[in-house]
Amino acid sequence: MSDDLLFIDDDLDGNTVADLDGWAVMIVDDEPAVHEVTKLVMAGFQFDGRPLSFISCYSAEEARQVLKSRVDIALILLDVVMESETAGLELARYVREEIKNLKVRIVLRTGQPGQAPEEHVIKTYDINDYKEKTELTHNKLITVFYSSLRAYRDIMQLENARGGLRRAIDAISEVYDSHNLRRFASAVLEQVNYLLNMNGDGLCASRVEAYAASSEDGHLKVLAATEAYSCLHIDEDVASLPIEVREAFERVLKERRSLFGDHYFASYYHSKVGAETVVYMSFTDTISPDARELLEVFTANVAITYESLLLREEIEETQRSTIFILGEAVERRSKETGDHVKRVGELAALLGNAIGMPSRDVEFLRQAAPLHDIGKIGIPDRVLNKPGKLDQDEWEIMKNHAQIGYQLLHKSDKRVLQLAATISNQHHEKWDGSGYPSGLKQEEIHIAGRIVGLADVLDALVSRRCYKEAWTFEDAISHVSEQRGKHFDPRLVDLLLERLDEVKAIYQKYPDC
């Protein structure tokens, strides 16, 4: 993921009761007068502060077409006899059994009760009420609307609560799967929107007193933001925020607790190692009590994840630093620039991404690659630093560094060191089988060995060594091209040649001293 601002997609799916202007009521009857009378009688009716929105269908087939695309209909007033004597009953079965709409309330209205006896219909069809048209007086019709809409509202509330719980579980999982603090911050913003089914803008900021590299004097810095706060840059101070946001931040940090407003919430996280993070989000709609409850459950779990993520980042950073120190120690012993191991790591990660490795595997490769020559620690100085070409005996001694490195690393049960052991043992194997120590060829060579083998040779060519001067970048690339399908995996060479600008950027970041 880029270190630029992490923008969140604000387009969310989902139809809820609150999204609609009025209660959608479908009248299905082949008599136009029934439609007109129903609308006249119910004119001005409201339930829970919302009016009615009528949909008129004059046949069961017409209603089928509408029901295929409308999932927001609360009530169907359904005639029995239309294009056939059982058209209404067949439509009721279609609604429940074919399109699986169990939420809409169905009230059967018939002018010929003898053709559809009430007891048989109620028992056989999943309807919610049965009325003869002659008994639907003004008061009774209003009663039908109240009872039906109340039932539909309660069903939708249960459905939304169940959906909210499902979203909360999904959201917590998404945040937990974040691999670093920036992704964590971005995931929190995204999942809060998803959790509430609301479009909100927000940002995540952090001040970390325990890690000097992450903050300056404990100032609050931006980790992630939605588009509304795109004027901010990663690691920028939040002083330029709107006053209401700054005041919310100040109050949250002072009181060390999460806060709710009618249209915003500011969530506070504090770790045992001294890190503090605030998530602020603002919404156009009022945050309901149910939404607040979901947020409290969500933020409690996020806080636990945040704590473990901080500890994990500290451990991983320690691991990366230790690997670089070991790799650089070997390179310095061989009088080579310490940046060689960093460049090999970055080149390996570049090729890992290019070949389609999962991001986590790319990171493992980036960390393991700098240990490719760790076995040189067992090579005598007279061989390692000889200013000139090695004789046959010296070359045999030098080749032992691949297996020495493997023996040093492979006993560890840590994935990075296991990968480093494989790389150490195989990065001098060649695509055509002429490499060492085992003479492996093509796919027999682990992909990490093939990648680091290419990265190591390229960097060795453009770097000054005790036995040679540095090649130009162009000459080194030309050599790599010539060795396509011989020394190197041809696919990796092609991917490298397609990304020369990115390769040059690595050399600009880690130039030879």
# chains A, B, ... in the order shown; residues from 1 in each chain; ligands from 1

call {"tool": "residues_around", "arguments": {"residues": "region 35-52 of chain A", "least_positions_apart": "4", "cutoff": "9 Å", "atoms": "only C-alpha atoms", "output": "PyMOL selection string"}}
result
chain A and resi 21-25+27-31+56-57+138+141-142+145-146+149-150

call {"tool": "write_last_selection", "arguments": {"atoms": "N, CA, C and O atoms", "output": "PDB file, in the first residue's frame"}}
result
ATOM      1  N   ASP A  21     -38.219   7.543   1.260  1.00  0.00           N
ATOM      2  CA  ASP A  21     -39.004   8.738   1.563  1.00  0.00           C
ATOM      3  C   ASP A  21     -40.346   8.388   2.192  1.00  0.00           C
ATOM      4  O   ASP A  21     -40.837   9.108   3.046  1.00  0.00           O
ATOM      5  N   GLY A  22     -40.972   7.317   1.737  1.00  0.00           N
ATOM      6  CA  GLY A  22     -42.276   6.931   2.260  1.00  0.00           C
ATOM      7  C   GLY A  22     -42.409   5.427   2.290  1.00  0.00           C
ATOM      8  O   GLY A  22     -41.629   4.705   1.661  1.00  0.00           O
ATOM      9  N   TRP A  23     -43.397   4.925   3.012  1.00  0.00           N
ATOM     10  CA  TRP A  23     -43.645   3.480   3.058  1.00  0.00           C
ATOM     11  C   TRP A  23     -44.220   3.048   1.710  1.00  0.00           C
ATOM     12  O   TRP A  23     -45.270   3.521   1.284  1.00  0.00           O
ATOM     13  N   ALA A  24     -43.528   2.148   1.030  1.00  0.00           N
ATOM     14  CA  ALA A  24     -43.969   1.697  -0.287  1.00  0.00           C
ATOM     15  C   ALA A  24     -45.104   0.685  -0.126  1.00  0.00           C
ATOM     16  O   ALA A  24     -44.930  -0.366   0.490  1.00  0.00           O
ATOM     17  N   VAL A  25     -46.267   1.010  -0.688  1.00  0.00           N
ATOM     18  CA  VAL A  25     -47.450   0.141  -0.612  1.00  0.00           C
ATOM     19  C   VAL A  25     -47.882  -0.187  -2.033  1.00  0.00           C
ATOM     20  O   VAL A  25     -48.152   0.713  -2.837  1.00  0.00           O
ATOM     21  N   ILE A  27     -50.627  -1.774  -4.566  1.00  0.00           N
ATOM     22  CA  ILE A  27     -52.026  -2.203  -4.748  1.00  0.00           C
ATOM     23  C   ILE A  27     -52.076  -3.039  -6.019  1.00  0.00           C
ATOM     24  O   ILE A  27     -51.710  -2.563  -7.095  1.00  0.00           O
ATOM     25  N   VAL A  28     -52.503  -4.299  -5.888  1.00  0.00           N
ATOM     26  CA  VAL A  28     -52.603  -5.183  -7.047  1.00  0.00           C
ATOM     27  C   VAL A  28     -54.068  -5.555  -7.214  1.00  0.00           C
ATOM     28  O   VAL A  28     -54.620  -6.373  -6.461  1.00  0.00           O
ATOM     29  N   ASP A  29     -54.722  -4.950  -8.206  1.00  0.00           N
ATOM     30  CA  ASP A  29     -56.150  -5.164  -8.411  1.00  0.00           C
ATOM     31  C   ASP A  29     -56.499  -4.730  -9.829  1.00  0.00           C
ATOM     32  O   ASP A  29     -55.975  -3.724 -10.314  1.00  0.00           O
ATOM     33  N   ASP A  30     -57.376  -5.505 -10.495  1.00  0.00           N
ATOM     34  CA  ASP A  30     -57.714  -5.171 -11.880  1.00  0.00           C
ATOM     35  C   ASP A  30     -58.843  -4.147 -11.981  1.00  0.00           C
ATOM     36  O   ASP A  30     -59.260  -3.789 -13.078  1.00  0.00           O
ATOM     37  N   GLU A  31     -59.337  -3.663 -10.841  1.00  0.00           N
ATOM     38  CA  GLU A  31     -60.386  -2.641 -10.851  1.00  0.00           C
ATOM     39  C   GLU A  31     -59.775  -1.283 -10.512  1.00  0.00           C
ATOM     40  O   GLU A  31     -59.357  -1.051  -9.375  1.00  0.00           O
ATOM     41  N   SER A  56     -49.240   1.209  -8.152  1.00  0.00           N
ATOM     42  CA  SER A  56     -50.441   0.570  -8.682  1.00  0.00           C
ATOM     43  C   SER A  56     -50.090  -0.452  -9.759  1.00  0.00           C
ATOM     44  O   SER A  56     -49.382  -0.141 -10.725  1.00  0.00           O
ATOM     45  N   CYS A  57     -50.580  -1.693  -9.590  1.00  0.00           N
ATOM     46  CA  CYS A  57     -50.442  -2.747 -10.595  1.00  0.00           C
ATOM     47  C   CYS A  57     -51.844  -3.304 -10.861  1.00  0.00           C
ATOM     48  O   CYS A  57     -52.604  -3.570  -9.925  1.00  0.00           O
ATOM     49  N   HIS A 138     -63.359   2.567   6.336  1.00  0.00           N
ATOM     50  CA  HIS A 138     -62.258   3.504   6.566  1.00  0.00           C
ATOM     51  C   HIS A 138     -61.443   3.116   7.794  1.00  0.00           C
ATOM     52  O   HIS A 138     -60.208   3.013   7.755  1.00  0.00           O
ATOM     53  N   LEU A 141     -59.557  -0.237   7.343  1.00  0.00           N
ATOM     54  CA  LEU A 141     -58.417  -0.114   6.426  1.00  0.00           C
ATOM     55  C   LEU A 141     -57.230   0.539   7.131  1.00  0.00           C
ATOM     56  O   LEU A 141     -56.083   0.113   6.968  1.00  0.00           O
ATOM     57  N   ILE A 142     -57.532   1.566   7.935  1.00  0.00           N
ATOM     58  CA  ILE A 142     -56.458   2.206   8.694  1.00  0.00           C
ATOM     59  C   ILE A 142     -55.824   1.215   9.669  1.00  0.00           C
ATOM     60  O   ILE A 142     -54.593   1.176   9.840  1.00  0.00           O
ATOM     61  N   PHE A 145     -53.424  -0.971   7.849  1.00  0.00           N
ATOM     62  CA  PHE A 145     -52.171  -0.277   7.547  1.00  0.00           C
ATOM     63  C   PHE A 145     -51.277  -0.167   8.776  1.00  0.00           C
ATOM     64  O   PHE A 145     -50.063  -0.406   8.704  1.00  0.00           O
ATOM     65  N   TYR A 146     -51.853   0.184   9.901  1.00  0.00           N
ATOM     66  CA  TYR A 146     -51.053   0.299  11.124  1.00  0.00           C
ATOM     67  C   TYR A 146     -50.412  -1.044  11.491  1.00  0.00           C
ATOM     68  O   TYR A 146     -49.212  -1.130  11.754  1.00  0.00           O
ATOM     69  N   LEU A 149     -47.758  -2.161   8.670  1.00  0.00           N
ATOM     70  CA  LEU A 149     -46.533  -1.367   8.647  1.00  0.00           C
ATOM     71  C   LEU A 149     -45.735  -1.528   9.931  1.00  0.00           C
ATOM     72  O   LEU A 149     -44.491  -1.521   9.913  1.00  0.00           O
ATOM     73  N   ARG A 150     -46.430  -1.679  11.057  1.00  0.00           N
ATOM     74  CA  ARG A 150     -45.722  -1.897  12.324  1.00  0.00           C
ATOM     75  C   ARG A 150     -44.954  -3.222  12.273  1.00  0.00           C
ATOM     76  O   ARG A 150     -43.795  -3.300  12.695  1.00  0.00           O
TER      77      ARG A 150
END

call {"tool": "residues_around", "arguments": {"residues": "region 491-493 of chain A", "least_positions_apart": "6", "cutoff": "9 Å", "atoms": "only C-alpha atoms", "output": "ChimeraX atom specification"}}
result
/A:351,354-355,450-451,454,480-481,483-485

call {"tool": "residues_around", "arguments": {"residues": "region 97-112 of chain A", "least_positions_apart": "2", "cutoff": "9 Å", "atoms": "only C-alpha atoms", "output": "number ranges by chain"}}
result
A: 29, 67-68, 71-81, 88-89, 92-95, 114-116, 126-134, 136, 144, 148-149, 151-152, 155-156

call {"tool": "residues_around", "arguments": {"residues": "Ala476 (chain A)", "least_positions_apart": "3", "cutoff": "6 Å", "atoms": "only C-alpha atoms", "output": "PyMOL selection string"}}
result
chain A and resi 461+473+479

call {"tool": "select_by_dssp", "arguments": {"residues": "region 388-489 of chain A", "states": "helix (DSSP H, G or I)", "output": "ChimeraX atom specification"}}
result
/A:392-399,401-409,415-426,442-444,447-462,473-482

call {"tool": "atom_distance", "arguments": {"atom1": "CA of Tyr269 (chain A)", "atom2": "CA of Arg257 (chain A)"}}
result
7.9 Å

call {"tool": "residues_around", "arguments": {"residues": "region 378-381 of chain A", "least_positions_apart": "5", "cutoff": "8 Å", "atoms": "only C-alpha atoms", "output": "list in words"}}
result
Ser334, Lys386, Ile397, Met398, Asn400, His401 and Ile404 of chain A

call {"tool": "write_last_selection", "arguments": {"atoms": "all heavy atoms", "output": "mmCIF file, in the first residue's frame"}}
result
data_model
loop_
_atom_site.group_PDB
_atom_site.id
_atom_site.type_symbol
_atom_site.label_atom_id
_atom_site.label_comp_id
_atom_site.auth_asym_id
_atom_site.auth_seq_id
_atom_site.Cartn_x
_atom_site.Cartn_y
_atom_site.Cartn_z
ATOM 1 N N SER A 334 33.712 -7.913 4.128
ATOM 2 C CA SER A 334 34.245 -8.145 2.792
ATOM 3 C C SER A 334 34.556 -6.822 2.075
ATOM 4 O O SER A 334 34.741 -6.801 0.867
ATOM 5 C CB SER A 334 33.246 -8.960 1.963
ATOM 6 O OG SER A 334 32.017 -8.267 1.831
ATOM 7 N N LYS A 386 40.497 -11.044 -1.395
ATOM 8 C CA LYS A 386 41.622 -11.112 -2.338
ATOM 9 C C LYS A 386 41.394 -10.121 -3.480
ATOM 10 O O LYS A 386 40.359 -10.153 -4.150
ATOM 11 C CB LYS A 386 41.742 -12.523 -2.896
ATOM 12 C CG LYS A 386 42.912 -12.681 -3.877
ATOM 13 C CD LYS A 386 43.016 -14.110 -4.386
ATOM 14 C CE LYS A 386 44.165 -14.233 -5.405
ATOM 15 N NZ LYS A 386 44.308 -15.614 -5.911
ATOM 16 N N ILE A 397 36.580 -22.802 -1.942
ATOM 17 C CA ILE A 397 36.327 -22.313 -0.578
ATOM 18 C C ILE A 397 35.229 -21.256 -0.581
ATOM 19 O O ILE A 397 34.319 -21.266 0.256
ATOM 20 C CB ILE A 397 37.631 -21.730 0.022
ATOM 21 C CG1 ILE A 397 38.656 -22.843 0.236
ATOM 22 C CG2 ILE A 397 37.338 -21.004 1.342
ATOM 23 C CD1 ILE A 397 40.028 -22.335 0.657
ATOM 24 N N MET A 398 35.304 -20.333 -1.543
ATOM 25 C CA MET A 398 34.301 -19.274 -1.626
ATOM 26 C C MET A 398 32.896 -19.830 -1.837
ATOM 27 O O MET A 398 31.924 -19.361 -1.235
ATOM 28 C CB MET A 398 34.658 -18.297 -2.752
ATOM 29 C CG MET A 398 33.614 -17.191 -2.964
ATOM 30 S SD MET A 398 33.440 -16.116 -1.535
ATOM 31 C CE MET A 398 34.807 -14.997 -1.823
ATOM 32 N N ASN A 400 31.612 -22.344 -0.719
ATOM 33 C CA ASN A 400 31.049 -22.923 0.508
ATOM 34 C C ASN A 400 30.137 -21.962 1.258
ATOM 35 O O ASN A 400 29.352 -22.385 2.116
ATOM 36 C CB ASN A 400 32.181 -23.376 1.445
ATOM 37 C CG ASN A 400 32.872 -24.625 0.949
ATOM 38 O OD1 ASN A 400 32.287 -25.434 0.228
ATOM 39 N ND2 ASN A 400 34.141 -24.797 1.346
ATOM 40 N N HIS A 401 30.223 -20.654 0.955
ATOM 41 C CA HIS A 401 29.423 -19.696 1.731
ATOM 42 C C HIS A 401 27.922 -19.941 1.570
ATOM 43 O O HIS A 401 27.141 -19.617 2.473
ATOM 44 C CB HIS A 401 29.787 -18.250 1.364
ATOM 45 C CG HIS A 401 29.112 -17.731 0.129
ATOM 46 N ND1 HIS A 401 29.602 -17.938 -1.130
ATOM 47 C CD2 HIS A 401 27.970 -16.993 -0.025
ATOM 48 C CE1 HIS A 401 28.808 -17.349 -2.014
ATOM 49 N NE2 HIS A 401 27.813 -16.767 -1.373
ATOM 50 N N ILE A 404 27.205 -22.724 4.074
ATOM 51 C CA ILE A 404 27.437 -22.218 5.433
ATOM 52 C C ILE A 404 26.251 -21.366 5.879
ATOM 53 O O ILE A 404 25.750 -21.491 6.998
ATOM 54 C CB ILE A 404 28.744 -21.404 5.492
ATOM 55 C CG1 ILE A 404 29.946 -22.317 5.268
ATOM 56 C CG2 ILE A 404 28.865 -20.680 6.841
ATOM 57 C CD1 ILE A 404 31.260 -21.558 5.114
#

call {"tool": "closest_residue", "arguments": {"among": "A:Arg246, A:His263, A:His340, A:Arg153", "to": "Ser463 (chain A)", "atoms": "only C-alpha atoms"}}
result
A:His340

call {"tool": "atom_distance", "arguments": {"atom1": "CA of Arg343 (chain A)", "atom2": "CA of Tyr436 (chain A)"}}
result
23.0 Å

call {"tool": "closest_residue", "arguments": {"among": "A:Gly405, A:Pro511, A:Gly439, A:Pro387", "to": "His487 (chain A)", "atoms": "only C-alpha atoms"}}
result
A:Gly439

call {"tool": "closest_residue", "arguments": {"among": "A:Glu394, A:Glu346, A:Asp262, A:Glu159", "to": "Gln508 (chain A)", "atoms": "only C-alpha atoms"}}
result
A:Glu346

call {"tool": "atom_distance", "arguments": {"atom1": "CA of Trp471 (chain A)", "atom2": "CA of Ala455 (chain A)"}}
result
14.8 Å

call {"tool": "closest_residue", "arguments": {"among": "A:Ala369, A:Val462, A:Ala60, A:Met357", "to": "His427 (chain A)", "atoms": "only C-alpha atoms"}}
result
A:Ala369

call {"tool": "residues_around", "arguments": {"residues": "Leu365 (chain A)", "least_positions_apart": "6", "cutoff": "8 Å", "atoms": "only C-alpha atoms", "output": "list of chain:residue names"}}
result
A:Gly345, A:Ala348, A:Ala349, A:Gly352, A:Val416, A:Leu419, A:Ala448

call {"tool": "decode", "arguments": {"residues": "region 404-438 of chain A", "atoms": "N, CA, C and O atoms", "output": "compact mmCIF listing (two decimals), in the first residue's frame"}}
result
# COMPACT_ATOMS: atom_id res chain seq x y z
N ILE A 404 27.21 -22.72 4.07
CA ILE A 404 27.44 -22.22 5.43
C ILE A 404 26.25 -21.37 5.88
O ILE A 404 25.75 -21.49 7.00
N GLY A 405 25.80 -20.48 4.98
CA GLY A 405 24.64 -19.66 5.31
C GLY A 405 23.40 -20.49 5.58
O GLY A 405 22.64 -20.22 6.52
N TYR A 406 23.21 -21.51 4.77
CA TYR A 406 22.05 -22.39 4.97
C TYR A 406 22.12 -23.05 6.34
O TYR A 406 21.11 -23.11 7.07
N GLN A 407 23.31 -23.57 6.71
CA GLN A 407 23.46 -24.25 8.00
C GLN A 407 23.21 -23.29 9.17
O GLN A 407 22.67 -23.69 10.20
N LEU A 408 23.61 -22.04 9.01
CA LEU A 408 23.39 -21.06 10.06
C LEU A 408 21.91 -20.75 10.28
O LEU A 408 21.47 -20.51 11.41
N LEU A 409 21.12 -20.76 9.20
CA LEU A 409 19.76 -20.24 9.25
C LEU A 409 18.65 -21.29 9.31
O LEU A 409 17.58 -21.02 9.88
N HIS A 410 18.86 -22.45 8.73
CA HIS A 410 17.73 -23.35 8.49
C HIS A 410 17.16 -23.98 9.77
O HIS A 410 16.04 -24.50 9.77
N LYS A 411 17.91 -23.96 10.88
CA LYS A 411 17.42 -24.57 12.11
C LYS A 411 16.37 -23.72 12.80
O LYS A 411 15.65 -24.19 13.67
N SER A 412 16.27 -22.46 12.42
CA SER A 412 15.26 -21.58 13.01
C SER A 412 13.87 -21.97 12.52
O SER A 412 13.69 -22.39 11.38
N ASP A 413 12.87 -21.82 13.39
CA ASP A 413 11.49 -22.09 12.98
C ASP A 413 10.77 -20.82 12.52
O ASP A 413 9.57 -20.85 12.24
N LYS A 414 11.50 -19.70 12.44
CA LYS A 414 10.90 -18.45 11.99
C LYS A 414 10.85 -18.40 10.47
O LYS A 414 11.83 -18.73 9.79
N ARG A 415 9.71 -17.96 9.95
CA ARG A 415 9.49 -18.02 8.51
C ARG A 415 10.51 -17.19 7.74
O ARG A 415 11.01 -17.61 6.69
N VAL A 416 10.84 -16.01 8.26
CA VAL A 416 11.80 -15.15 7.56
C VAL A 416 13.16 -15.84 7.46
O VAL A 416 13.81 -15.84 6.40
N LEU A 417 13.60 -16.46 8.55
CA LEU A 417 14.91 -17.10 8.55
C LEU A 417 14.91 -18.39 7.74
O LEU A 417 15.92 -18.76 7.14
N GLN A 418 13.78 -19.09 7.71
CA GLN A 418 13.66 -20.26 6.85
C GLN A 418 13.79 -19.86 5.39
O GLN A 418 14.49 -20.52 4.61
N LEU A 419 13.14 -18.76 5.03
CA LEU A 419 13.24 -18.27 3.66
C LEU A 419 14.66 -17.80 3.37
O LEU A 419 15.20 -18.05 2.28
N ALA A 420 15.29 -17.13 4.35
CA ALA A 420 16.66 -16.68 4.17
C ALA A 420 17.61 -17.86 3.98
O ALA A 420 18.58 -17.77 3.20
N ALA A 421 17.36 -18.97 4.67
CA ALA A 421 18.19 -20.17 4.50
C ALA A 421 18.11 -20.69 3.08
O ALA A 421 19.12 -21.06 2.46
N THR A 422 16.88 -20.74 2.54
CA THR A 422 16.69 -21.19 1.16
C THR A 422 17.39 -20.26 0.18
O THR A 422 18.06 -20.70 -0.77
N ILE A 423 17.24 -18.97 0.40
CA ILE A 423 17.88 -17.97 -0.48
C ILE A 423 19.40 -18.12 -0.43
O ILE A 423 20.08 -18.12 -1.47
N SER A 424 19.94 -18.23 0.79
CA SER A 424 21.39 -18.37 0.94
C SER A 424 21.91 -19.58 0.18
O SER A 424 22.96 -19.53 -0.47
N ASN A 425 21.15 -20.67 0.22
CA ASN A 425 21.60 -21.92 -0.40
C ASN A 425 21.41 -21.95 -1.91
O ASN A 425 22.09 -22.69 -2.61
N GLN A 426 20.48 -21.12 -2.44
CA GLN A 426 20.12 -21.27 -3.85
C GLN A 426 20.35 -20.03 -4.71
O GLN A 426 20.15 -20.09 -5.92
N HIS A 427 20.80 -18.94 -4.14
CA HIS A 427 20.88 -17.71 -4.96
C HIS A 427 22.03 -17.75 -5.95
O HIS A 427 22.13 -16.86 -6.80
N HIS A 428 22.90 -18.76 -5.88
CA HIS A 428 23.95 -18.91 -6.90
C HIS A 428 23.65 -20.05 -7.88
O HIS A 428 24.49 -20.37 -8.72
N GLU A 429 22.46 -20.65 -7.77
CA GLU A 429 22.03 -21.61 -8.78
C GLU A 429 21.67 -20.85 -10.05
O GLU A 429 21.31 -19.67 -9.99
N LYS A 430 21.76 -21.52 -11.20
CA LYS A 430 21.49 -20.86 -12.47
C LYS A 430 20.37 -21.58 -13.22
O LYS A 430 20.18 -22.79 -13.09
N TRP A 431 19.64 -20.80 -14.02
CA TRP A 431 18.50 -21.32 -14.77
C TRP A 431 18.88 -22.53 -15.63
O TRP A 431 18.10 -23.47 -15.78
N ASP A 432 20.09 -22.53 -16.19
CA ASP A 432 20.50 -23.63 -17.08
C ASP A 432 21.15 -24.79 -16.33
O ASP A 432 21.64 -25.75 -16.94
N GLY A 433 21.23 -24.71 -14.99
CA GLY A 433 21.76 -25.81 -14.20
C GLY A 433 23.26 -25.76 -13.97
O GLY A 433 23.81 -26.69 -13.36
N SER A 434 23.92 -24.70 -14.37
CA SER A 434 25.38 -24.63 -14.24
C SER A 434 25.84 -23.93 -12.97
O SER A 434 27.03 -23.65 -12.80
N GLY A 435 24.91 -23.62 -12.06
CA GLY A 435 25.28 -22.92 -10.84
C GLY A 435 25.70 -23.85 -9.72
O GLY A 435 25.90 -25.06 -9.92
N TYR A 436 25.82 -23.30 -8.51
CA TYR A 436 26.23 -24.09 -7.35
C TYR A 436 25.35 -23.67 -6.17
O TYR A 436 24.70 -22.64 -6.21
N PRO A 437 25.29 -24.51 -5.10
CA PRO A 437 26.08 -25.72 -4.81
C PRO A 437 25.49 -27.02 -5.33
O PRO A 437 26.16 -28.05 -5.32
N SER A 438 24.24 -27.02 -5.81
CA SER A 438 23.58 -28.29 -6.13
C SER A 438 23.29 -28.49 -7.60
O SER A 438 22.76 -29.53 -7.99
